[in-house]
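Structure data (PDB, C-alpha atoms and all ligand atoms) from entry01.pdb:
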```pdb
MODEL        1
ATOM      1  CA  MET A   1     -40.509  -7.389  -4.822
ATOM      2  CA  THR A   2     -38.293  -8.911  -2.150
ATOM      3  CA  ALA A   3     -35.097  -7.256  -1.006
ATOM      4  CA  LEU A   4     -32.025  -8.657  -2.658
ATOM      5  CA  ALA A   5     -29.261 -10.444  -0.771
ATOM      6  CA  ALA A   6     -29.818  -9.059   2.710
ATOM      7  CA  PRO A   7     -26.367  -8.077   3.918
ATOM      8  CA  THR A   8     -24.511 -10.481   6.142
ATOM      9  CA  THR A   9     -22.008  -7.719   6.878
ATOM     10  CA  ASP A  10     -23.160  -4.687   8.814
ATOM     11  CA  PRO A  11     -23.541  -1.600   6.622
ATOM     12  CA  VAL A  12     -20.678   0.848   7.207
ATOM     13  CA  SER A  13     -20.461   4.616   7.454
ATOM     14  CA  VAL A  14     -18.392   6.779   5.099
ATOM     15  CA  GLU A  15     -16.829  10.025   6.217
ATOM     16  CA  ILE A  16     -15.058  12.223   3.658
ATOM     17  CA  VAL A  17     -13.330  15.266   5.096
ATOM     18  CA  ASP A  18     -11.782  18.066   3.019
ATOM     19  CA  VAL A  19     -10.502  15.690   0.328
ATOM     20  CA  HIS A  20      -8.232  17.145  -2.351
ATOM     21  CA  LYS A  21      -6.819  15.174  -5.270
ATOM     22  CA  TRP A  22      -4.500  16.301  -8.033
ATOM     23  CA  PHE A  23      -3.586  14.547 -11.279
ATOM     24  CA  GLY A  24      -0.388  16.352 -12.157
ATOM     25  CA  ARG A  25      -1.408  20.000 -12.120
ATOM     26  CA  ASN A  26      -5.095  19.189 -12.534
ATOM     27  CA  HIS A  27      -6.792  19.852  -9.189
ATOM     28  CA  VAL A  28      -9.618  17.347  -9.580
ATOM     29  CA  LEU A  29     -11.126  17.142  -6.093
ATOM     30  CA  ARG A  30     -11.076  20.551  -4.460
ATOM     31  CA  GLY A  31     -12.214  20.043  -0.899
ATOM     32  CA  VAL A  32     -14.955  17.423  -0.776
ATOM     33  CA  ASP A  33     -16.857  16.854   2.471
ATOM     34  CA  LEU A  34     -19.476  14.148   2.732
ATOM     35  CA  SER A  35     -20.912  12.170   5.582
ATOM     36  CA  ILE A  36     -22.871   8.988   4.910
ATOM     37  CA  ALA A  37     -24.561   7.063   7.708
ATOM     38  CA  PRO A  38     -24.692   3.236   7.718
ATOM     39  CA  GLY A  39     -27.418   2.013   5.371
ATOM     40  CA  GLN A  40     -27.854   5.366   3.672
ATOM     41  CA  VAL A  41     -28.191   5.541  -0.117
ATOM     42  CA  THR A  42     -26.338   8.475  -1.623
ATOM     43  CA  VAL A  43     -26.728   9.463  -5.258
ATOM     44  CA  ILE A  44     -24.059  11.620  -6.866
ATOM     45  CA  LEU A  45     -25.063  13.706  -9.864
ATOM     46  CA  GLY A  46     -23.039  16.149 -11.890
ATOM     47  CA  PRO A  47     -21.570  16.915 -15.290
ATOM     48  CA  SER A  48     -18.884  14.833 -16.949
ATOM     49  CA  GLY A  49     -15.405  15.643 -15.671
ATOM     50  CA  SER A  50     -16.631  17.034 -12.334
ATOM     51  CA  GLY A  51     -14.749  14.374 -10.334
ATOM     52  CA  LYS A  52     -17.483  11.821  -9.555
ATOM     53  CA  SER A  53     -15.464   8.744 -10.559
ATOM     54  CA  THR A  54     -12.374  10.044  -8.800
ATOM     55  CA  LEU A  55     -14.404  10.507  -5.626
ATOM     56  CA  LEU A  56     -15.715   6.923  -5.801
ATOM     57  CA  ARG A  57     -12.191   5.631  -6.440
ATOM     58  CA  THR A  58     -11.011   7.567  -3.409
ATOM     59  CA  ILE A  59     -13.706   5.930  -1.252
ATOM     60  CA  ASN A  60     -12.528   2.553  -2.586
ATOM     61  CA  HIS A  61      -8.882   3.477  -1.872
ATOM     62  CA  LEU A  62      -7.878   3.248  -5.514
ATOM     63  CA  GLU A  63      -6.789   6.882  -5.171
ATOM     64  CA  ARG A  64      -5.164   8.438  -2.137
ATOM     65  CA  PRO A  65      -6.057  12.042  -1.366
ATOM     66  CA  GLU A  66      -3.153  14.515  -1.079
ATOM     67  CA  ILE A  67      -5.102  16.506   1.485
ATOM     68  CA  GLY A  68      -7.934  15.336   3.701
ATOM     69  CA  HIS A  69      -9.041  11.845   4.572
ATOM     70  CA  VAL A  70     -11.594   9.162   3.925
ATOM     71  CA  ASP A  71     -12.909   7.028   6.727
ATOM     72  CA  VAL A  72     -14.838   3.887   5.808
ATOM     73  CA  GLY A  73     -16.337   2.103   8.792
ATOM     74  CA  GLY A  74     -13.793   3.669  11.151
ATOM     75  CA  GLU A  75     -10.707   2.828   9.040
ATOM     76  CA  LEU A  76      -8.690   5.788   7.932
ATOM     77  CA  ILE A  77      -7.125   6.508   4.527
ATOM     78  CA  GLY A  78      -5.332   9.696   3.595
ATOM     79  CA  VAL A  79      -3.872  12.406   5.730
ATOM     80  CA  ARG A  80      -4.557  12.068   9.419
ATOM     81  CA  PRO A  81      -6.603  15.007  10.664
ATOM     82  CA  HIS A  82      -4.890  17.239  13.184
ATOM     83  CA  GLY A  83      -5.153  15.725  16.655
ATOM     84  CA  ASP A  84      -6.373  12.352  15.344
ATOM     85  CA  ARG A  85      -4.139   9.675  16.825
ATOM     86  CA  ARG A  86      -5.360   6.813  14.675
ATOM     87  CA  LYS A  87      -2.852   5.308  12.279
ATOM     88  CA  GLU A  88      -3.462   5.301   8.578
ATOM     89  CA  LEU A  89      -4.340   1.861   7.257
ATOM     90  CA  PRO A  90      -1.307  -0.075   5.980
ATOM     91  CA  GLU A  91      -1.321  -1.207   2.333
ATOM     92  CA  ARG A  92      -2.092  -4.843   3.164
ATOM     93  CA  GLU A  93      -5.175  -3.827   5.091
ATOM     94  CA  ILE A  94      -6.242  -1.402   2.388
ATOM     95  CA  LEU A  95      -6.430  -4.415   0.078
ATOM     96  CA  ALA A  96      -8.408  -6.361   2.661
ATOM     97  CA  GLN A  97     -10.777  -3.463   3.149
ATOM     98  CA  ARG A  98     -11.236  -2.992  -0.598
ATOM     99  CA  ARG A  99     -12.496  -6.577  -0.725
ATOM    100  CA  ARG A 100     -15.247  -5.616   1.680
ATOM    101  CA  ILE A 101     -16.388  -2.820  -0.643
ATOM    102  CA  GLY A 102     -18.356  -3.814  -3.735
ATOM    103  CA  PHE A 103     -17.602  -1.737  -6.844
ATOM    104  CA  VAL A 104     -19.712  -1.832  -9.995
ATOM    105  CA  PHE A 105     -18.153  -0.154 -13.042
ATOM    106  CA  GLN A 106     -19.721   1.464 -16.073
ATOM    107  CA  GLN A 107     -17.967  -1.051 -18.362
ATOM    108  CA  PHE A 108     -18.791  -4.153 -16.235
ATOM    109  CA  ASN A 109     -15.105  -5.256 -16.141
ATOM    110  CA  LEU A 110     -15.878  -8.988 -16.129
ATOM    111  CA  PHE A 111     -13.095 -11.485 -16.793
ATOM    112  CA  PRO A 112     -13.743 -12.472 -20.441
ATOM    113  CA  ASN A 113     -12.191 -15.923 -20.041
ATOM    114  CA  LEU A 114     -14.362 -16.900 -17.058
ATOM    115  CA  THR A 115     -18.039 -17.918 -17.066
ATOM    116  CA  ALA A 116     -20.637 -15.873 -15.195
ATOM    117  CA  VAL A 117     -20.532 -18.161 -12.167
ATOM    118  CA  GLU A 118     -16.715 -18.165 -12.141
ATOM    119  CA  ASN A 119     -16.657 -14.362 -12.357
ATOM    120  CA  VAL A 120     -18.857 -14.170  -9.265
ATOM    121  CA  ALA A 121     -17.088 -16.901  -7.287
ATOM    122  CA  VAL A 122     -13.468 -16.121  -8.085
ATOM    123  CA  GLY A 123     -12.934 -13.299  -5.559
ATOM    124  CA  PRO A 124     -13.934 -15.217  -2.432
ATOM    125  CA  TYR A 125     -12.087 -18.416  -3.322
ATOM    126  CA  ALA A 126      -8.983 -16.930  -4.981
ATOM    127  CA  THR A 127      -8.308 -15.023  -1.764
ATOM    128  CA  GLY A 128      -8.774 -18.187   0.273
ATOM    129  CA  ARG A 129     -11.684 -16.844   2.268
ATOM    130  CA  GLU A 130     -14.023 -19.543   1.031
ATOM    131  CA  SER A 131     -13.676 -22.999  -0.444
ATOM    132  CA  ARG A 132     -14.220 -23.157  -4.167
ATOM    133  CA  GLU A 133     -17.283 -25.297  -3.608
ATOM    134  CA  SER A 134     -19.052 -22.903  -1.254
ATOM    135  CA  ALA A 135     -18.051 -19.860  -3.351
ATOM    136  CA  VAL A 136     -19.551 -21.473  -6.458
ATOM    137  CA  GLU A 137     -22.698 -22.440  -4.598
ATOM    138  CA  ARG A 138     -23.173 -18.895  -3.349
ATOM    139  CA  ALA A 139     -22.365 -17.492  -6.811
ATOM    140  CA  ARG A 140     -25.196 -19.576  -8.290
ATOM    141  CA  GLU A 141     -27.555 -18.261  -5.620
ATOM    142  CA  LEU A 142     -26.557 -14.663  -6.356
ATOM    143  CA  LEU A 143     -27.006 -15.175 -10.099
ATOM    144  CA  THR A 144     -30.487 -16.550  -9.422
ATOM    145  CA  GLN A 145     -31.282 -13.442  -7.397
ATOM    146  CA  VAL A 146     -30.313 -11.157 -10.280
ATOM    147  CA  GLY A 147     -32.404 -13.270 -12.682
ATOM    148  CA  LEU A 148     -29.552 -15.057 -14.410
ATOM    149  CA  SER A 149     -29.643 -18.661 -13.173
ATOM    150  CA  ALA A 150     -29.973 -19.835 -16.781
ATOM    151  CA  LYS A 151     -26.807 -17.947 -17.783
ATOM    152  CA  ALA A 152     -24.497 -19.166 -15.028
ATOM    153  CA  ASP A 153     -22.262 -21.080 -17.420
ATOM    154  CA  ALA A 154     -22.221 -18.476 -20.198
ATOM    155  CA  TYR A 155     -19.157 -16.376 -20.982
ATOM    156  CA  PRO A 156     -19.447 -12.571 -20.921
ATOM    157  CA  ARG A 157     -19.359 -12.348 -24.742
ATOM    158  CA  GLN A 158     -22.495 -14.512 -24.847
ATOM    159  CA  LEU A 159     -24.418 -12.079 -22.632
ATOM    160  CA  SER A 160     -26.103  -8.739 -23.329
ATOM    161  CA  GLY A 161     -24.711  -5.631 -21.655
ATOM    162  CA  GLY A 162     -27.559  -5.672 -19.142
ATOM    163  CA  GLN A 163     -26.874  -9.303 -18.286
ATOM    164  CA  GLN A 164     -23.147  -8.627 -17.938
ATOM    165  CA  GLN A 165     -23.883  -5.768 -15.572
ATOM    166  CA  ARG A 166     -26.139  -7.988 -13.468
ATOM    167  CA  VAL A 167     -23.290 -10.535 -13.270
ATOM    168  CA  ALA A 168     -21.033  -7.682 -12.160
ATOM    169  CA  ILE A 169     -23.525  -6.761  -9.431
ATOM    170  CA  ALA A 170     -23.662 -10.390  -8.262
ATOM    171  CA  ARG A 171     -19.862 -10.370  -8.193
ATOM    172  CA  ALA A 172     -19.831  -7.215  -6.073
ATOM    173  CA  LEU A 173     -22.191  -8.951  -3.626
ATOM    174  CA  ALA A 174     -20.081 -12.112  -3.419
ATOM    175  CA  SER A 175     -17.695 -10.481  -0.965
ATOM    176  CA  ARG A 176     -20.616  -9.671   1.414
ATOM    177  CA  PRO A 177     -19.826  -5.956   1.280
ATOM    178  CA  GLY A 178     -20.835  -3.413   3.903
ATOM    179  CA  LEU A 179     -20.585  -0.729   1.220
ATOM    180  CA  LEU A 180     -21.518  -0.800  -2.460
ATOM    181  CA  LEU A 181     -20.249   1.749  -5.000
ATOM    182  CA  PHE A 182     -21.797   2.129  -8.457
ATOM    183  CA  ASP A 183     -20.135   4.243 -11.133
ATOM    184  CA  GLU A 184     -22.722   5.017 -13.831
ATOM    185  CA  PRO A 185     -23.886   1.386 -13.898
ATOM    186  CA  THR A 186     -26.318   1.908 -16.794
ATOM    187  CA  SER A 187     -24.468   4.454 -18.939
ATOM    188  CA  ALA A 188     -22.987   1.843 -21.272
ATOM    189  CA  LEU A 189     -26.296   0.040 -21.825
ATOM    190  CA  ASP A 190     -28.806   0.196 -24.637
ATOM    191  CA  PRO A 191     -31.921   2.003 -23.328
ATOM    192  CA  GLU A 192     -34.089  -1.134 -23.284
ATOM    193  CA  LEU A 193     -31.612  -2.884 -20.967
ATOM    194  CA  VAL A 194     -31.404  -0.126 -18.381
ATOM    195  CA  ARG A 195     -34.549  -1.031 -16.483
ATOM    196  CA  ASP A 196     -33.527  -4.591 -15.522
ATOM    197  CA  VAL A 197     -30.293  -3.302 -14.036
ATOM    198  CA  LEU A 198     -31.992  -0.456 -12.162
ATOM    199  CA  ASP A 199     -34.559  -2.945 -10.794
ATOM    200  CA  VAL A 200     -31.754  -5.067  -9.358
ATOM    201  CA  ILE A 201     -30.144  -2.017  -7.748
ATOM    202  CA  ARG A 202     -33.522  -0.931  -6.396
ATOM    203  CA  ARG A 203     -33.923  -4.290  -4.656
ATOM    204  CA  LEU A 204     -30.461  -3.911  -3.163
ATOM    205  CA  VAL A 205     -31.482  -0.576  -1.728
ATOM    206  CA  ASP A 206     -34.163  -2.411   0.246
ATOM    207  CA  SER A 207     -31.529  -4.746   1.711
ATOM    208  CA  GLY A 208     -30.056  -1.937   3.832
ATOM    209  CA  THR A 209     -26.461  -1.876   2.548
ATOM    210  CA  THR A 210     -24.725   1.511   2.451
ATOM    211  CA  MET A 211     -24.624   2.567  -1.195
ATOM    212  CA  VAL A 212     -23.083   5.375  -3.217
ATOM    213  CA  ILE A 213     -24.426   5.584  -6.766
ATOM    214  CA  VAL A 214     -23.159   7.853  -9.520
ATOM    215  CA  THR A 215     -25.844   8.068 -12.174
ATOM    216  CA  HIS A 216     -27.528  10.308 -14.713
ATOM    217  CA  GLU A 217     -30.889   8.574 -14.182
ATOM    218  CA  ILE A 218     -32.721  11.376 -12.401
ATOM    219  CA  ALA A 219     -36.025   9.509 -11.964
ATOM    220  CA  PHE A 220     -34.141   6.610 -10.372
ATOM    221  CA  ALA A 221     -32.220   9.012  -8.136
ATOM    222  CA  ARG A 222     -35.487  10.521  -6.924
ATOM    223  CA  ASP A 223     -36.740   7.039  -6.166
ATOM    224  CA  VAL A 224     -33.873   5.656  -4.114
ATOM    225  CA  ALA A 225     -31.766   8.482  -2.712
ATOM    226  CA  ASP A 226     -31.673   9.306   0.980
ATOM    227  CA  LEU A 227     -29.055  11.891   0.115
ATOM    228  CA  VAL A 228     -28.424  13.628  -3.225
ATOM    229  CA  CYS A 229     -25.064  15.274  -3.913
ATOM    230  CA  PHE A 230     -24.436  17.476  -6.885
ATOM    231  CA  MET A 231     -20.793  17.735  -7.961
ATOM    232  CA  ASP A 232     -19.372  20.440 -10.132
ATOM    233  CA  ASP A 233     -15.720  21.143 -10.834
ATOM    234  CA  GLY A 234     -14.342  19.046  -7.976
ATOM    235  CA  VAL A 235     -16.658  20.131  -5.190
ATOM    236  CA  ILE A 236     -20.090  19.147  -3.915
ATOM    237  CA  VAL A 237     -22.020  22.315  -4.636
ATOM    238  CA  ASP A 238     -25.262  21.116  -3.075
ATOM    239  CA  ASN A 239     -26.409  18.137  -1.051
ATOM    240  CA  GLY A 240     -29.488  17.142   0.857
ATOM    241  CA  SER A 241     -32.747  15.256   0.407
ATOM    242  CA  VAL A 242     -34.346  14.799  -3.015
ATOM    243  CA  ALA A 243     -36.765  17.574  -2.100
ATOM    244  CA  ASP A 244     -33.927  19.919  -1.109
ATOM    245  CA  VAL A 245     -31.669  19.388  -4.102
ATOM    246  CA  LEU A 246     -33.929  18.372  -6.991
ATOM    247  CA  ASP A 247     -37.541  19.428  -6.437
ATOM    248  CA  ASP A 248     -36.892  23.107  -6.183
ATOM    249  CA  PRO A 249     -33.217  23.418  -7.049
ATOM    250  CA  ARG A 250     -31.665  26.286  -5.184
ATOM    251  CA  HIS A 251     -28.287  26.046  -6.861
ATOM    252  CA  PRO A 252     -27.967  27.553 -10.360
ATOM    253  CA  ARG A 253     -25.651  24.753 -11.598
ATOM    254  CA  VAL A 254     -28.195  22.138 -10.492
ATOM    255  CA  ARG A 255     -31.020  24.029 -12.223
ATOM    256  CA  GLU A 256     -29.003  24.264 -15.410
ATOM    257  CA  PHE A 257     -28.058  20.564 -15.265
ATOM    258  CA  LEU A 258     -31.662  19.436 -14.734
ATOM    259  CA  THR A 259     -33.029  21.506 -17.610
ATOM    260  CA  ARG A 260     -30.446  19.957 -19.940
ATOM    261  CA  MET A 261     -31.415  16.363 -18.993
TER     262      MET A 261
HETATM  263  P1  LIG A 301     -16.457  12.323 -13.818
HETATM  264  O1  LIG A 301     -16.528  10.901 -13.335
HETATM  265  O2  LIG A 301     -17.318  13.262 -13.044
HETATM  266  O3  LIG A 301     -16.737  12.415 -15.288
HETATM  267  P2  LIG A 301     -13.601  12.047 -13.333
HETATM  268  O4  LIG A 301     -13.443  11.824 -11.879
HETATM  269  O5  LIG A 301     -13.513  10.859 -14.220
HETATM  270  O6  LIG A 301     -14.962  12.850 -13.593
HETATM  271  O7  LIG A 301     -12.508  13.068 -13.831
HETATM  272  C1  LIG A 301     -12.283  14.324 -13.234
HETATM  273  C2  LIG A 301     -11.063  14.952 -13.861
HETATM  274  O8  LIG A 301      -9.922  14.175 -13.522
HETATM  275  C3  LIG A 301     -11.092  15.021 -15.369
HETATM  276  O9  LIG A 301     -10.463  16.235 -15.741
HETATM  277  C4  LIG A 301     -10.253  13.837 -15.788
HETATM  278  O10 LIG A 301      -9.655  14.071 -17.022
HETATM  279  C5  LIG A 301      -9.216  13.766 -14.681
HETATM  280  N1  LIG A 301      -8.732  12.391 -14.412
HETATM  281  C6  LIG A 301      -9.462  11.357 -13.953
HETATM  282  N2  LIG A 301      -8.721  10.253 -13.768
HETATM  283  C7  LIG A 301      -7.453  10.598 -14.134
HETATM  284  C8  LIG A 301      -6.210   9.900 -14.150
HETATM  285  N3  LIG A 301      -6.105   8.624 -13.763
HETATM  286  N4  LIG A 301      -5.115  10.584 -14.582
HETATM  287  C9  LIG A 301      -5.201  11.869 -14.962
HETATM  288  N5  LIG A 301      -6.337  12.586 -14.945
HETATM  289  C10 LIG A 301      -7.463  11.970 -14.537
HETATM  290 MG    MG A 302     -17.096   9.152 -14.275
ENDMDL
END
```
Represent the structure contained in this file as structure tokens.
Ligand code: ADP
Ligand code: MG
Amino acid sequence: MTALAAPTTDPVSVEIVDVHKWFGRNHVLRGVDLSIAPGQVTVILGPSGSGKSTLLRTINHLERPEIGHVDVGGELIGVRPHGDRRKELPEREILAQRRRIGFVFQQFNLFPNLTAVENVAVGPYATGRESRESAVERARELLTQVGLSAKADAYPRQLSGGQQQRVAIARALASRPGLLLFDEPTSALDPELVRDVLDVIRRLVDSGTTMVIVTHEIAFARDVADLVCFMDDGVIVDNGSVADVLDDPRHPRVREFLTRM
């Protein structure tokens, strides 16, 4: 199968250094370090409540760490490390940077009152980066690539969960992202719809974009991951290649998790 939507933006690096995040008194991220090279595919595994979504939201600058920092493609968010003279990104530029990061949610989050093609096109033209005409043209192309050309004018309620998620992936690609984040993209789907969505993500992997994928699909993780991270209770307890982390799990929490799957 051909690679999907070869990136027109260079893939970016992600550097996460000693990130801590609290919600009230709940210390949710407890010192996360992670280094992702441009084009690398990182899969994050771990039990519910371990902080996976919060970590993705921190990478996307939807959460600001109280300690530590996140650096996406050389742009800094969070607390400046000691001796680092770079300025933290101002709010306006955080918004601009977020538009260059594609985020795919568990619950699709499509606009219910817009058709599939409008959902995909709206970002680029609403922000004035593209004319409506060229945004719509590209949206139709992206929908064709995810196998949904026939559904371009359908509303989300007329689509299956798997189709909605493929629209959401096309939408994430519309901004020509250098980084794609997936938060359990197949967890809300009926089992028979999971494969189509994973196939689309697999083709994206071949396109060379930097990707961080939170999933419980272990077989898929084995297939695509350059780097596997296992999170437990707000920290990455193990990370490395598939062989290192999954084939002969050295960490007891990973062993326990895998036997329960
Ligand atoms: P995971 O994605 O691994 O299931 P989350 O990152 O969603 O874990 O949640 C980690 C912890 O942070 C949980 O205890 C959760 O209740 C808490 N949490 C997440 N988001 C919020 C929020 N916006 N406000 C308060 N607590 C939150
Ligand atoms: Mg989550």
For the structure shown, which residues end up in the PyMOL selection byres (((chain A and resi 44) around 12) and not hetatm)? Put them as a PyMOL selection string, please?
chain A and resi 34+41-43+45-48+50-56+181-184+211-218+220-222+224-232+235-242+245-246+254
Would you write out those residues with C-alpha atoms, as an mmCIF file, in the frame of the given file?
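Wrote it out as selection_2.cif, contents follow:
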```cif
data_model
loop_
_atom_site.group_PDB
_atom_site.id
_atom_site.type_symbol
_atom_site.label_atom_id
_atom_site.label_comp_id
_atom_site.auth_asym_id
_atom_site.auth_seq_id
_atom_site.Cartn_x
_atom_site.Cartn_y
_atom_site.Cartn_z
ATOM 1 C CA LEU A 34 -19.476 14.148 2.732
ATOM 2 C CA VAL A 41 -28.191 5.541 -0.117
ATOM 3 C CA THR A 42 -26.338 8.475 -1.623
ATOM 4 C CA VAL A 43 -26.728 9.463 -5.258
ATOM 5 C CA LEU A 45 -25.063 13.706 -9.864
ATOM 6 C CA GLY A 46 -23.039 16.149 -11.890
ATOM 7 C CA PRO A 47 -21.570 16.915 -15.290
ATOM 8 C CA SER A 48 -18.884 14.833 -16.949
ATOM 9 C CA SER A 50 -16.631 17.034 -12.334
ATOM 10 C CA GLY A 51 -14.749 14.374 -10.334
ATOM 11 C CA LYS A 52 -17.483 11.821 -9.555
ATOM 12 C CA SER A 53 -15.464 8.744 -10.559
ATOM 13 C CA THR A 54 -12.374 10.044 -8.800
ATOM 14 C CA LEU A 55 -14.404 10.507 -5.626
ATOM 15 C CA LEU A 56 -15.715 6.923 -5.801
ATOM 16 C CA LEU A 181 -20.249 1.749 -5.000
ATOM 17 C CA PHE A 182 -21.797 2.129 -8.457
ATOM 18 C CA ASP A 183 -20.135 4.243 -11.133
ATOM 19 C CA GLU A 184 -22.722 5.017 -13.831
ATOM 20 C CA MET A 211 -24.624 2.567 -1.195
ATOM 21 C CA VAL A 212 -23.083 5.375 -3.217
ATOM 22 C CA ILE A 213 -24.426 5.584 -6.766
ATOM 23 C CA VAL A 214 -23.159 7.853 -9.520
ATOM 24 C CA THR A 215 -25.844 8.068 -12.174
ATOM 25 C CA HIS A 216 -27.528 10.308 -14.713
ATOM 26 C CA GLU A 217 -30.889 8.574 -14.182
ATOM 27 C CA ILE A 218 -32.721 11.376 -12.401
ATOM 28 C CA PHE A 220 -34.141 6.610 -10.372
ATOM 29 C CA ALA A 221 -32.220 9.012 -8.136
ATOM 30 C CA ARG A 222 -35.487 10.521 -6.924
ATOM 31 C CA VAL A 224 -33.873 5.656 -4.114
ATOM 32 C CA ALA A 225 -31.766 8.482 -2.712
ATOM 33 C CA ASP A 226 -31.673 9.306 0.980
ATOM 34 C CA LEU A 227 -29.055 11.891 0.115
ATOM 35 C CA VAL A 228 -28.424 13.628 -3.225
ATOM 36 C CA CYS A 229 -25.064 15.274 -3.913
ATOM 37 C CA PHE A 230 -24.436 17.476 -6.885
ATOM 38 C CA MET A 231 -20.793 17.735 -7.961
ATOM 39 C CA ASP A 232 -19.372 20.440 -10.132
ATOM 40 C CA VAL A 235 -16.658 20.131 -5.190
ATOM 41 C CA ILE A 236 -20.090 19.147 -3.915
ATOM 42 C CA VAL A 237 -22.020 22.315 -4.636
ATOM 43 C CA ASP A 238 -25.262 21.116 -3.075
ATOM 44 C CA ASN A 239 -26.409 18.137 -1.051
ATOM 45 C CA GLY A 240 -29.488 17.142 0.857
ATOM 46 C CA SER A 241 -32.747 15.256 0.407
ATOM 47 C CA VAL A 242 -34.346 14.799 -3.015
ATOM 48 C CA VAL A 245 -31.669 19.388 -4.102
ATOM 49 C CA LEU A 246 -33.929 18.372 -6.991
ATOM 50 C CA VAL A 254 -28.195 22.138 -10.492
#
```
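Nearest to A:Val32 of all the residues A:Thr115, A:Ser149, A:Ser160, A:Thr58 is A:Thr58, based on only C-alpha atoms.
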Once you add 4 Å to each side, what are the centre and edge lengths of the axis-aligned box holding all listed atoms of ligand LIG 301 (chain A)? One decimal in Å, as lines of an AutoDock Vina configuration file, if you can.
```
center_x = -11.2
center_y = 12.4
center_z = -14.5
size_x = 20.2
size_y = 15.6
size_z = 13.1
```
Evaluate the PyMOL selection byres (((chain A and resi 135-146) around 12) and not hetatm) on the structure here and hand back the selected residues as a PyMOL selection string.
chain A and resi 1-6+115-134+147-154+162-176+196-204
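Within the file as shown, the PyMOL selection byres (((chain A and resi 18-30) around 6) and not hetatm) identifies A:Val17, A:Gly31, A:Val32, A:Asp33, A:Gly51, A:Pro65, A:Glu66, A:Ile67, A:Gly68, A:His69, A:Gly234, A:Val235.
Reported to one decimal place, the separation of atom CA of A:Leu114 from atom CA of A:Leu193 is 22.6 Å.
Atom CA of A:Glu93 is found 26.4 Å from atom O7 of ligand LIG 301 (chain A).
Across the model, the gap from atom CA of A:His61 to atom CA of A:Gly39 is 20.0 Å.
When all atoms listed in the file are used to measure the gap to A:Gln40, the shortest distance among A:Leu95, A:Leu179, A:Val104, A:Leu110 belongs to A:Leu179.
Compared by their closest atoms to A:Gly208, and using all atoms listed in the file, the residues A:Arg100, A:Val14, A:Leu180, A:Asp233 rank with A:Leu180 nearest.
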Identify which of the residues A:Val72, A:Ala188, A:Ala219, A:Met261 lies closest to ligand MG 302 (chain A), counting all atoms listed in the file when measuring atom-to-atom distances.
A:Ala188
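Counting only C-alpha atoms and all ligand atoms, the residue from A:Pro38, A:Gly49, A:Pro11, A:Pro112 that sits nearest to ligand LIG 301 (chain A) is A:Gly49.
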Could you complete stretch 192-204 of chain A so that it carries N, CA and C atoms, and give it back as a PDB file, in the coordinates of the input?
```
ATOM      1  N   GLU A 192     -33.108  -0.109 -23.688  1.00  0.00           N
ATOM      2  CA  GLU A 192     -34.089  -1.134 -23.284  1.00  0.00           C
ATOM      3  C   GLU A 192     -33.528  -2.089 -22.229  1.00  0.00           C
ATOM      4  N   LEU A 193     -32.226  -1.995 -21.964  1.00  0.00           N
ATOM      5  CA  LEU A 193     -31.612  -2.884 -20.967  1.00  0.00           C
ATOM      6  C   LEU A 193     -31.410  -2.198 -19.612  1.00  0.00           C
ATOM      7  N   VAL A 194     -31.687  -0.902 -19.599  1.00  0.00           N
ATOM      8  CA  VAL A 194     -31.404  -0.126 -18.381  1.00  0.00           C
ATOM      9  C   VAL A 194     -32.308  -0.555 -17.233  1.00  0.00           C
ATOM     10  N   ARG A 195     -33.586  -0.816 -17.557  1.00  0.00           N
ATOM     11  CA  ARG A 195     -34.549  -1.031 -16.483  1.00  0.00           C
ATOM     12  C   ARG A 195     -34.236  -2.260 -15.629  1.00  0.00           C
ATOM     13  N   ASP A 196     -33.838  -3.358 -16.284  1.00  0.00           N
ATOM     14  CA  ASP A 196     -33.527  -4.591 -15.522  1.00  0.00           C
ATOM     15  C   ASP A 196     -32.422  -4.342 -14.512  1.00  0.00           C
ATOM     16  N   VAL A 197     -31.425  -3.567 -14.927  1.00  0.00           N
ATOM     17  CA  VAL A 197     -30.293  -3.302 -14.036  1.00  0.00           C
ATOM     18  C   VAL A 197     -30.730  -2.385 -12.892  1.00  0.00           C
ATOM     19  N   LEU A 198     -31.512  -1.353 -13.229  1.00  0.00           N
ATOM     20  CA  LEU A 198     -31.992  -0.456 -12.162  1.00  0.00           C
ATOM     21  C   LEU A 198     -32.894  -1.206 -11.183  1.00  0.00           C
ATOM     22  N   ASP A 199     -33.688  -2.165 -11.690  1.00  0.00           N
ATOM     23  CA  ASP A 199     -34.559  -2.945 -10.794  1.00  0.00           C
ATOM     24  C   ASP A 199     -33.730  -3.740  -9.792  1.00  0.00           C
ATOM     25  N   VAL A 200     -32.628  -4.312 -10.262  1.00  0.00           N
ATOM     26  CA  VAL A 200     -31.754  -5.067  -9.358  1.00  0.00           C
ATOM     27  C   VAL A 200     -31.160  -4.136  -8.299  1.00  0.00           C
ATOM     28  N   ILE A 201     -30.733  -2.957  -8.717  1.00  0.00           N
ATOM     29  CA  ILE A 201     -30.144  -2.017  -7.748  1.00  0.00           C
ATOM     30  C   ILE A 201     -31.211  -1.552  -6.760  1.00  0.00           C
ATOM     31  N   ARG A 202     -32.425  -1.345  -7.270  1.00  0.00           N
ATOM     32  CA  ARG A 202     -33.522  -0.931  -6.396  1.00  0.00           C
ATOM     33  C   ARG A 202     -33.774  -1.966  -5.297  1.00  0.00           C
ATOM     34  N   ARG A 203     -33.704  -3.234  -5.654  1.00  0.00           N
ATOM     35  CA  ARG A 203     -33.923  -4.290  -4.656  1.00  0.00           C
ATOM     36  C   ARG A 203     -32.785  -4.329  -3.643  1.00  0.00           C
ATOM     37  N   LEU A 204     -31.592  -3.980  -4.092  1.00  0.00           N
ATOM     38  CA  LEU A 204     -30.461  -3.911  -3.163  1.00  0.00           C
ATOM     39  C   LEU A 204     -30.646  -2.796  -2.150  1.00  0.00           C
TER      40      LEU A 204
END
```
